[in-house]
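Novice: Sharing structure05.txt, compact mmCIF, C-alpha atoms:
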```txt
# COMPACT_ATOMS: atom_id res chain seq x y z
CA MET C 1 -43.57 -4.56 15.72
CA ALA C 2 -43.44 -3.72 19.43
CA ASP C 3 -39.89 -2.42 19.05
CA VAL C 4 -40.92 -0.16 16.21
CA MET C 5 -43.88 1.20 18.20
CA ASN C 6 -41.63 1.90 21.18
CA ILE C 7 -39.58 4.29 19.07
CA ASN C 8 -42.37 6.81 19.28
CA ASN C 9 -42.92 6.25 23.01
CA PRO C 10 -41.40 9.20 24.95
CA ARG C 11 -40.95 7.14 28.10
CA VAL C 12 -38.96 4.49 26.29
CA ALA C 13 -36.93 7.07 24.39
CA GLU C 14 -36.06 8.83 27.67
CA GLY C 15 -34.92 5.57 29.20
CA GLY C 16 -37.74 5.36 31.76
CA GLY C 17 -35.83 7.46 34.34
CA GLU C 18 -32.92 5.06 34.50
CA GLY C 19 -29.24 5.86 33.99
CA SER C 20 -27.99 7.89 31.08
CA GLU C 21 -25.98 4.92 29.82
CA GLU C 22 -29.12 2.84 29.36
CA GLY C 23 -30.90 5.79 27.73
CA SER C 24 -28.04 6.15 25.29
CA SER C 25 -28.33 2.46 24.43
CA VAL C 26 -32.03 2.86 23.72
CA ASP C 27 -31.31 5.85 21.51
CA ASP C 28 -28.77 3.84 19.55
CA GLY C 29 -31.29 1.05 19.08
CA ARG C 30 -33.91 3.54 17.96
CA ASP C 31 -31.57 5.08 15.39
CA HIS C 32 -30.69 1.61 14.11
CA LEU C 33 -34.36 0.70 13.64
CA ILE C 34 -35.04 3.97 11.85
CA ARG C 35 -32.15 3.41 9.50
CA ARG C 36 -33.32 -0.14 8.75
CA ALA C 37 -36.89 1.05 8.17
CA SER C 38 -35.72 3.70 5.72
CA ARG C 39 -34.06 0.98 3.61
CA VAL C 40 -37.24 -1.00 2.93
CA HIS C 41 -37.41 -1.59 -0.82
CA ALA C 42 -40.43 -1.29 -3.03
CA ASP C 43 -40.14 -4.97 -3.97
CA SER C 44 -40.43 -6.10 -0.38
CA PHE C 45 -43.29 -3.71 0.34
CA LEU C 46 -45.30 -4.84 -2.65
CA GLY C 47 -44.52 -8.51 -2.10
CA GLU C 48 -43.76 -10.09 1.24
CA ASP C 49 -44.74 -7.13 3.46
CA ILE C 50 -48.25 -6.82 2.03
CA ALA C 51 -48.69 -10.59 2.32
CA SER C 52 -47.67 -10.47 5.98
CA LEU C 53 -50.00 -7.51 6.69
CA ALA C 54 -52.88 -9.45 5.13
CA GLY C 55 -52.07 -12.47 7.27
CA ASP C 56 -50.96 -14.61 4.33
CA LYS C 57 -47.58 -16.30 4.39
CA PRO C 58 -45.54 -15.82 1.17
CA ARG C 59 -45.57 -18.92 -0.98
CA GLY C 60 -41.81 -19.24 -1.34
CA THR C 61 -39.81 -21.48 -3.66
CA SER C 62 -39.65 -25.24 -3.23
CA THR C 63 -36.33 -27.08 -3.29
CA PRO C 64 -36.96 -28.79 -6.68
CA GLY C 65 -38.21 -25.50 -8.08
CA ALA C 66 -35.06 -23.75 -6.89
CA VAL C 67 -32.91 -26.39 -8.61
CA PHE C 68 -34.64 -25.68 -11.93
CA ILE C 69 -34.43 -21.90 -11.45
CA VAL C 70 -30.68 -22.06 -10.76
CA MET C 71 -30.21 -24.37 -13.74
CA ASN C 72 -32.27 -22.02 -15.88
CA ALA C 73 -30.00 -19.13 -14.82
CA THR C 74 -26.91 -21.21 -15.58
CA LEU C 75 -27.83 -22.96 -18.82
CA GLY C 76 -28.35 -20.87 -21.90
CA ALA C 77 -26.61 -19.23 -24.81
CA ALA C 78 -23.13 -20.32 -23.71
CA MET C 79 -23.99 -24.00 -24.23
CA LEU C 80 -24.26 -23.54 -27.98
CA SER C 81 -20.77 -22.04 -28.15
CA LEU C 82 -18.98 -24.62 -25.98
CA PRO C 83 -17.93 -26.98 -28.85
CA TYR C 84 -16.36 -23.99 -30.58
CA ALA C 85 -14.64 -23.02 -27.32
CA ALA C 86 -13.25 -26.56 -27.01
CA ASN C 87 -11.70 -26.18 -30.45
CA GLN C 88 -10.23 -22.83 -29.48
CA CYS C 89 -8.52 -24.05 -26.29
CA GLY C 90 -7.00 -27.14 -27.87
CA GLY C 91 -9.33 -30.11 -27.41
CA LEU C 92 -11.78 -31.75 -25.09
CA LEU C 93 -9.50 -32.73 -22.21
CA ILE C 94 -8.25 -29.23 -21.47
CA PHE C 95 -11.73 -27.80 -21.96
CA LEU C 96 -13.43 -30.25 -19.58
CA LEU C 97 -10.82 -29.65 -16.88
CA MET C 98 -11.42 -25.90 -17.06
CA GLN C 99 -15.18 -26.35 -17.23
CA TYR C 100 -15.44 -28.38 -14.02
CA ALA C 101 -12.98 -26.08 -12.25
CA PHE C 102 -15.24 -23.14 -13.09
CA ALA C 103 -18.30 -25.11 -11.98
CA PHE C 104 -16.70 -25.76 -8.58
CA LEU C 105 -15.69 -22.12 -8.14
CA ALA C 106 -19.16 -20.93 -9.15
CA ALA C 107 -20.84 -23.19 -6.56
CA ILE C 108 -18.45 -22.10 -3.80
CA SER C 109 -19.00 -18.41 -4.56
CA MET C 110 -22.79 -18.93 -4.48
CA ILE C 111 -22.52 -20.47 -1.01
CA ILE C 112 -20.46 -17.49 0.14
CA LEU C 113 -23.09 -15.11 -1.24
CA ALA C 114 -25.84 -16.98 0.64
CA LYS C 115 -23.88 -16.74 3.89
CA CYS C 116 -23.35 -13.02 3.32
CA ALA C 117 -27.07 -12.62 2.63
CA ASP C 118 -27.84 -14.22 6.00
CA VAL C 119 -25.32 -12.05 7.84
CA GLY C 120 -26.53 -8.82 6.25
CA ASN C 121 -30.22 -9.76 6.07
CA ALA C 122 -30.08 -9.06 2.33
CA SER C 123 -32.54 -10.27 -0.29
CA VAL C 124 -30.85 -9.23 -3.54
CA TYR C 125 -27.28 -9.12 -4.82
CA GLN C 126 -27.01 -5.33 -4.45
CA GLU C 127 -27.95 -5.52 -0.76
CA VAL C 128 -25.22 -8.11 -0.20
CA VAL C 129 -22.69 -5.67 -1.65
CA GLU C 130 -24.11 -2.86 0.48
CA THR C 131 -24.04 -4.75 3.76
CA MET C 132 -20.60 -6.28 3.18
CA THR C 133 -18.82 -3.14 1.89
CA GLY C 134 -20.86 -0.33 3.43
CA SER C 135 -20.02 1.77 0.39
CA ASP C 136 -22.59 3.55 -1.77
CA LEU C 137 -19.99 3.76 -4.54
CA TRP C 138 -19.69 -0.05 -4.74
CA VAL C 139 -23.48 -0.43 -4.68
CA THR C 140 -23.86 2.00 -7.57
CA PHE C 141 -21.08 0.30 -9.50
CA THR C 142 -22.73 -3.10 -8.90
CA ARG C 143 -26.09 -1.87 -10.14
CA ILE C 144 -24.53 -0.52 -13.31
CA MET C 145 -22.67 -3.79 -13.94
CA ILE C 146 -25.83 -5.85 -13.36
CA ALA C 147 -27.77 -3.65 -15.79
CA ILE C 148 -25.07 -4.06 -18.45
CA TYR C 149 -24.88 -7.81 -17.83
CA ALA C 150 -28.67 -8.24 -18.03
CA PHE C 151 -28.90 -6.17 -21.21
CA SER C 152 -25.99 -8.00 -22.85
CA SER C 153 -27.42 -11.41 -21.92
CA CYS C 154 -30.81 -10.48 -23.36
CA VAL C 155 -29.15 -9.32 -26.59
CA ALA C 156 -27.15 -12.56 -26.81
CA TYR C 157 -30.27 -14.70 -26.36
CA LEU C 158 -32.22 -12.70 -28.92
CA VAL C 159 -29.38 -13.01 -31.44
CA LEU C 160 -29.47 -16.79 -31.02
CA VAL C 161 -33.25 -16.80 -31.32
CA GLY C 162 -32.96 -14.72 -34.48
CA ASP C 163 -30.36 -17.08 -35.98
CA GLN C 164 -32.37 -20.19 -35.29
CA GLY C 165 -35.65 -18.52 -36.15
CA GLN C 166 -34.30 -17.63 -39.58
CA GLU C 167 -33.48 -21.27 -40.21
CA ILE C 168 -37.02 -22.28 -39.29
CA VAL C 169 -38.54 -19.64 -41.58
CA LYS C 170 -36.16 -20.66 -44.36
CA PHE C 171 -37.32 -24.26 -44.02
CA MET C 172 -40.98 -23.18 -44.10
CA VAL C 173 -41.02 -20.63 -46.95
CA GLY C 174 -38.14 -21.90 -49.06
CA SER C 175 -34.69 -20.51 -49.76
CA GLU C 176 -35.70 -18.22 -52.65
CA ASP C 177 -38.40 -16.29 -50.81
CA PHE C 178 -36.32 -16.19 -47.64
CA SER C 179 -33.32 -14.60 -49.38
CA GLU C 180 -35.47 -11.69 -50.58
CA HIS C 181 -36.94 -10.88 -47.15
CA SER C 182 -34.40 -12.25 -44.66
CA ASP C 183 -34.04 -8.99 -42.70
CA LEU C 184 -37.80 -8.57 -42.42
CA TYR C 185 -38.24 -12.13 -41.19
CA ARG C 186 -35.52 -11.67 -38.57
CA ARG C 187 -37.04 -8.44 -37.24
CA MET C 188 -40.48 -10.03 -37.03
CA ILE C 189 -39.05 -13.01 -35.12
CA LEU C 190 -37.22 -10.78 -32.62
CA LEU C 191 -40.25 -8.52 -32.13
CA GLY C 192 -42.55 -11.50 -31.60
CA MET C 193 -40.24 -13.21 -29.10
CA SER C 194 -39.66 -9.97 -27.18
CA CYS C 195 -43.39 -9.27 -26.82
CA ALA C 196 -44.61 -12.85 -26.35
CA VAL C 197 -41.86 -14.28 -24.11
CA VAL C 198 -39.37 -11.74 -22.75
CA LEU C 199 -41.87 -9.07 -21.68
CA PRO C 200 -44.26 -11.41 -19.76
CA LEU C 201 -41.34 -12.98 -17.88
CA MET C 202 -40.28 -9.52 -16.69
CA MET C 203 -43.63 -8.70 -15.08
CA PRO C 204 -43.79 -10.91 -11.93
CA ARG C 205 -42.17 -9.43 -8.83
CA SER C 206 -41.44 -12.79 -7.18
CA ILE C 207 -38.70 -15.04 -8.54
CA SER C 208 -40.68 -18.11 -7.45
CA PHE C 209 -42.81 -17.49 -10.55
CA LEU C 210 -39.92 -18.90 -12.60
CA GLU C 211 -40.35 -22.46 -11.30
CA LEU C 212 -42.50 -23.56 -14.27
CA PRO C 213 -40.54 -21.61 -16.93
CA GLY C 214 -37.37 -23.04 -15.39
CA ILE C 215 -38.62 -26.60 -15.92
CA VAL C 216 -39.62 -25.83 -19.52
CA SER C 217 -36.25 -24.20 -20.19
CA PHE C 218 -34.39 -27.16 -18.71
CA LEU C 219 -36.31 -29.63 -20.89
CA SER C 220 -35.59 -27.51 -23.98
CA VAL C 221 -31.86 -27.40 -23.24
CA LEU C 222 -31.83 -31.12 -22.45
CA TYR C 223 -33.48 -31.82 -25.81
CA VAL C 224 -30.76 -29.89 -27.66
CA ALA C 225 -27.99 -31.75 -25.80
CA LEU C 226 -29.55 -35.15 -26.55
CA ALA C 227 -30.17 -34.19 -30.20
CA VAL C 228 -26.49 -33.27 -30.60
CA ALA C 229 -25.54 -36.67 -29.16
CA PHE C 230 -27.99 -38.68 -31.30
CA LEU C 231 -27.01 -36.90 -34.52
CA TYR C 232 -23.32 -37.71 -34.03
CA ASN C 233 -23.29 -40.73 -36.36
CA SER C 234 -25.43 -39.22 -39.13
CA GLU C 235 -23.84 -35.74 -39.22
CA LYS C 236 -20.21 -36.58 -38.45
CA VAL C 237 -17.70 -34.77 -40.69
CA GLU C 238 -15.17 -37.43 -41.70
CA ASP C 239 -12.29 -35.13 -42.64
CA ALA C 240 -12.63 -32.81 -39.64
CA ASN C 241 -9.55 -32.27 -37.49
CA ILE C 242 -9.95 -33.12 -33.78
CA LYS C 243 -7.41 -31.25 -31.69
CA THR C 244 -5.71 -32.92 -28.72
CA ARG C 245 -3.43 -30.06 -27.69
CA PRO C 246 -3.53 -26.26 -27.93
CA ASP C 247 -1.87 -24.45 -30.81
CA ASN C 248 0.07 -22.30 -28.32
CA GLY C 249 0.09 -21.32 -24.67
CA LYS C 250 -2.30 -18.42 -25.14
CA ALA C 251 -4.86 -20.62 -26.90
CA VAL C 252 -5.70 -22.31 -23.59
CA PHE C 253 -7.29 -19.10 -22.34
CA ASN C 254 -9.37 -18.48 -25.46
CA SER C 255 -12.34 -20.41 -24.08
CA LEU C 256 -12.35 -18.83 -20.61
CA PRO C 257 -14.90 -16.07 -21.41
CA THR C 258 -17.36 -18.61 -22.84
CA ILE C 259 -16.99 -20.97 -19.88
CA ALA C 260 -17.32 -18.11 -17.39
CA PHE C 261 -20.48 -16.91 -19.13
CA GLY C 262 -21.83 -20.45 -18.88
CA TYR C 263 -21.79 -20.32 -15.07
CA GLN C 264 -23.04 -16.75 -14.54
CA CYS C 265 -25.96 -17.26 -12.18
CA HIS C 266 -24.80 -15.26 -9.15
CA VAL C 267 -27.14 -12.29 -9.61
CA SER C 268 -30.16 -14.62 -9.57
CA GLY C 269 -28.73 -16.81 -6.83
CA VAL C 270 -29.28 -14.43 -3.90
CA PRO C 271 -33.04 -13.84 -4.49
CA VAL C 272 -33.53 -17.55 -5.15
CA TYR C 273 -31.91 -18.41 -1.82
CA CYS C 274 -33.90 -15.75 0.02
CA SER C 275 -37.19 -16.98 -1.47
CA LEU C 276 -36.73 -20.60 -0.36
CA LYS C 277 -39.41 -22.19 1.81
CA ASN C 278 -36.67 -24.14 3.58
CA ARG C 279 -34.00 -21.47 3.78
CA ASN C 280 -30.76 -22.77 5.23
CA LEU C 281 -27.23 -23.32 3.96
CA ARG C 282 -27.48 -27.12 3.98
CA ASN C 283 -30.50 -27.06 1.68
CA TRP C 284 -28.82 -24.40 -0.48
CA ILE C 285 -25.70 -26.55 -0.85
CA PHE C 286 -27.90 -29.45 -2.00
CA ILE C 287 -29.64 -27.18 -4.52
CA LEU C 288 -26.35 -25.82 -5.85
CA GLY C 289 -24.79 -29.27 -6.03
CA SER C 290 -27.72 -30.70 -7.98
CA ALA C 291 -28.05 -27.73 -10.33
CA THR C 292 -24.31 -27.44 -10.98
CA LEU C 293 -23.87 -31.18 -11.59
CA LEU C 294 -26.82 -31.44 -13.99
CA SER C 295 -25.80 -28.26 -15.83
CA SER C 296 -22.21 -29.46 -16.18
CA LEU C 297 -23.33 -32.85 -17.52
CA ILE C 298 -25.51 -31.18 -20.14
CA TYR C 299 -22.64 -28.88 -21.06
CA SER C 300 -20.28 -31.86 -21.35
CA ILE C 301 -22.65 -33.88 -23.56
CA THR C 302 -23.12 -30.95 -25.93
CA THR C 303 -19.41 -30.16 -26.05
CA ILE C 304 -18.13 -33.71 -26.50
CA PHE C 305 -20.55 -34.85 -29.18
CA GLY C 306 -20.73 -31.46 -30.89
CA TYR C 307 -16.95 -31.18 -31.19
CA LEU C 308 -16.48 -34.82 -32.22
CA THR C 309 -19.13 -34.35 -34.91
CA PHE C 310 -17.66 -31.28 -36.60
CA GLY C 311 -14.11 -30.96 -35.27
CA ASP C 312 -12.35 -27.73 -36.21
CA THR C 313 -15.15 -26.90 -38.67
CA VAL C 314 -17.67 -26.34 -35.86
CA ALA C 315 -19.48 -22.99 -35.93
CA ASP C 316 -19.56 -20.61 -32.97
CA ASP C 317 -23.24 -21.61 -32.64
CA ILE C 318 -23.44 -25.41 -32.81
CA LEU C 319 -26.98 -25.28 -34.25
CA LEU C 320 -25.70 -23.43 -37.32
CA SER C 321 -23.34 -26.31 -38.09
CA TYR C 322 -26.28 -28.54 -38.94
CA PRO C 323 -28.06 -28.28 -42.30
CA SER C 324 -31.27 -26.24 -42.39
CA SER C 325 -33.12 -29.42 -43.41
CA SER C 326 -32.37 -31.08 -40.05
CA VAL C 327 -35.80 -31.26 -38.47
CA ALA C 328 -34.43 -32.34 -35.08
CA MET C 329 -32.33 -29.17 -34.78
CA LEU C 330 -35.08 -26.94 -36.13
CA ILE C 331 -37.28 -28.13 -33.26
CA GLY C 332 -34.45 -27.45 -30.81
```
What is this file in structure tokens?

Specialist:
Amino acid sequence: MADVMNINNPRVAEGGGEGSEEGSSVDDGRDHLIRRASRVHADSFLGEDIASLAGDKPRGTSTPGAVFIVMNATLGAAMLSLPYAANQCGGLLIFLLMQYAFAFLAAISMIILAKCADVGNASVYQEVVETMTGSDLWVTFTRIMIAIYAFSSCVAYLVLVGDQGQEIVKFMVGSEDFSEHSDLYRRMILLGMSCAVVLPLMMPRSISFLELPGIVSFLSVLYVALAVAFLYNSEKVEDANIKTRPDNGKAVFNSLPTIAFGYQCHVSGVPVYCSLKNRNLRNWIFILGSATLLSSLIYSITTIFGYLTFGDTVADDILLSYPSSSVAMLIG
């Protein structure tokens, strides 16, 4: 604060009568502080800066909470498509090798982003790009890509919610009534989920708010993975073909987009790291290691048992492969 106040002090700005070289150095420091001050974002001003002005220290994110938030950003819609991706690439062995290779690369890249955030004093992904490239063009491009990614992810999740929601409504009202009003039911489900779940989660300005929703989301995903495993014996398709090798060389790469989408948590990673109570790379590596390992295990359980249950007849959404009368999957 003293340095900022000294900017407006004429004696300091003039160098206090000392040599011109020292005065030039002070001027450079003043210009640097002005440039940094002009880059203060509305999020910081409304969040951490107001808390510091009021004398209250920001709450921050605990280490366990950060693990659940990172897992929540990682786990999601891609998990339901992984058994289908395993069938596309030629079996479980090839798929699992690619999955854990992607998991390792995702964790390494998140560590690099955290280091860059420390070097550039950045708090969000866009600021990392700005401080590392120094290019407004790259920052604008990054913002556009993040907006497209966020919108596409939201659409993908809502499509899955609509698919599963239709099965629940079909179970409740009966097949005959559902067939007559299926479009209406789907629109009502999507509208209700958007207003009741998506919109409230968009309101908080601090990512630490997602600690509790992250835990709930993790338990929900864990339930689905365990349900897929437990239903293996009762729902197994006897005549299904289980692939052990790809159909051709190109088939190996068919599952890459699904796997890559399954480990897309980089945009959320930077603000999670910057919001940590114990912010250092060692703690961040522990968080990433725990979140990546648990996420990969859940992915593997769903993929192995889901693919072994249905083989090459598996749907692109594993939940749709089960009959609508399956109460366990309706709950999931």

Novice: Separation of atom CA of C:Gly65 and atom CA of C:Leu293, in Å?

Specialist: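 That distance, rounded to one decimal, is 15.8 Å.
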
Novice: Separation of atom CA of C:Val139 and atom CA of C:Thr292, in Å?

Specialist: 27.7 Å

Novice: Record the distance separating atom CA of C:Val155 and atom CA of C:Ala85, expressed in Å with one decimal.

Specialist: 20.0 Å

Novice: Take the point (-23.4, -26.9, -15.9) as written in the file and pick out every residue within 9 Å of it, counting all atoms listed in the file; give the list as a short mmCIF file (atom, residue, chain, number, x, y, z; two decimals) with C-alpha atoms, in the coordinates of the input.

Specialist:
```
data_model
loop_
_atom_site.label_atom_id
_atom_site.label_comp_id
_atom_site.auth_asym_id
_atom_site.auth_seq_id
_atom_site.Cartn_x
_atom_site.Cartn_y
_atom_site.Cartn_z
CA MET C 71 -30.21 -24.37 -13.74
CA THR C 74 -26.91 -21.21 -15.58
CA LEU C 75 -27.83 -22.96 -18.82
CA MET C 79 -23.99 -24.00 -24.23
CA GLN C 99 -15.18 -26.35 -17.23
CA TYR C 100 -15.44 -28.38 -14.02
CA ALA C 103 -18.30 -25.11 -11.98
CA GLY C 262 -21.83 -20.45 -18.88
CA TYR C 263 -21.79 -20.32 -15.07
CA ALA C 291 -28.05 -27.73 -10.33
CA THR C 292 -24.31 -27.44 -10.98
CA LEU C 293 -23.87 -31.18 -11.59
CA LEU C 294 -26.82 -31.44 -13.99
CA SER C 295 -25.80 -28.26 -15.83
CA SER C 296 -22.21 -29.46 -16.18
CA LEU C 297 -23.33 -32.85 -17.52
CA ILE C 298 -25.51 -31.18 -20.14
CA TYR C 299 -22.64 -28.88 -21.06
CA SER C 300 -20.28 -31.86 -21.35
#
```

Novice: From the options C:Phe310, C:Phe305, C:Tyr157, C:Phe141, which residue's atoms come nearest to C:Ala240, counting only C-alpha atoms?

Specialist: C:Phe310

Novice: Nearest to C:Phe230: which of C:Thr309, C:Asn254, C:Met203, C:Tyr185 is it, counting only C-alpha atoms?

Specialist: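 Result for the nearest residue to C:Phe230: C:Thr309.
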
Novice: Given the choices C:Pro64, C:Gly249, C:Gly311, C:Gly306, which gets closest to C:Val224 if the distance is worked out from only C-alpha atoms?

Specialist: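 Result for the nearest residue to C:Val224: C:Gly306.
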
Novice: Go through C:Asn280, C:Ser81, C:Asn248, C:Gln166 one by one, measure the shortest atom-to-atom distance of each to C:Ala117 using all atoms listed in the file, and give the residue with the smallest value.

Specialist: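 Answer, going by the shortest atom-to-atom distance: C:Asn280.
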
Novice: Please produce, as JSON lines, a per-residue contact table for stretch 202-309 of chain C versus stretch 86-94 of chain C (criterion: any atom at most 7 Å away, all atoms listed in the file considered), showing the nearest atom pair and its distance in Å to one decimal, sorted by chain then residue number.

Specialist:
```
{"residue": "C:Lys243", "atom": "CA", "partner": "C:Gly91", "partner_atom": "CA", "distance": 4.8}
{"residue": "C:Thr244", "atom": "CA", "partner": "C:Gly91", "partner_atom": "CA", "distance": 4.8}
{"residue": "C:Arg245", "atom": "CA", "partner": "C:Gly90", "partner_atom": "CA", "distance": 4.6}
{"residue": "C:Pro246", "atom": "CA", "partner": "C:Gly90", "partner_atom": "CA", "distance": 3.6}
{"residue": "C:Asp247", "atom": "CA", "partner": "C:Gly90", "partner_atom": "CA", "distance": 6.5}
{"residue": "C:Ala251", "atom": "CA", "partner": "C:Cys89", "partner_atom": "CA", "distance": 5.1}
{"residue": "C:Val252", "atom": "CA", "partner": "C:Cys89", "partner_atom": "CA", "distance": 4.3}
{"residue": "C:Phe253", "atom": "CA", "partner": "C:Cys89", "partner_atom": "CA", "distance": 6.5}
{"residue": "C:Asn254", "atom": "CA", "partner": "C:Cys89", "partner_atom": "CA", "distance": 5.7}
{"residue": "C:Ser255", "atom": "CA", "partner": "C:Cys89", "partner_atom": "CA", "distance": 5.7}
{"residue": "C:Ile304", "atom": "CA", "partner": "C:Leu92", "partner_atom": "CA", "distance": 6.8}
```

Novice: Find the smallest box with edges along x, y and z containing every listed atom of stretch 157-169 of chain C, then add 5 Å on each side and report centre and edge lengths in Å to one decimal, as JSON.

Specialist:
```
{"center_x": -34.0, "center_y": -17.5, "center_z": -34.0, "size_x": 19.2, "size_y": 19.6, "size_z": 25.2}
```
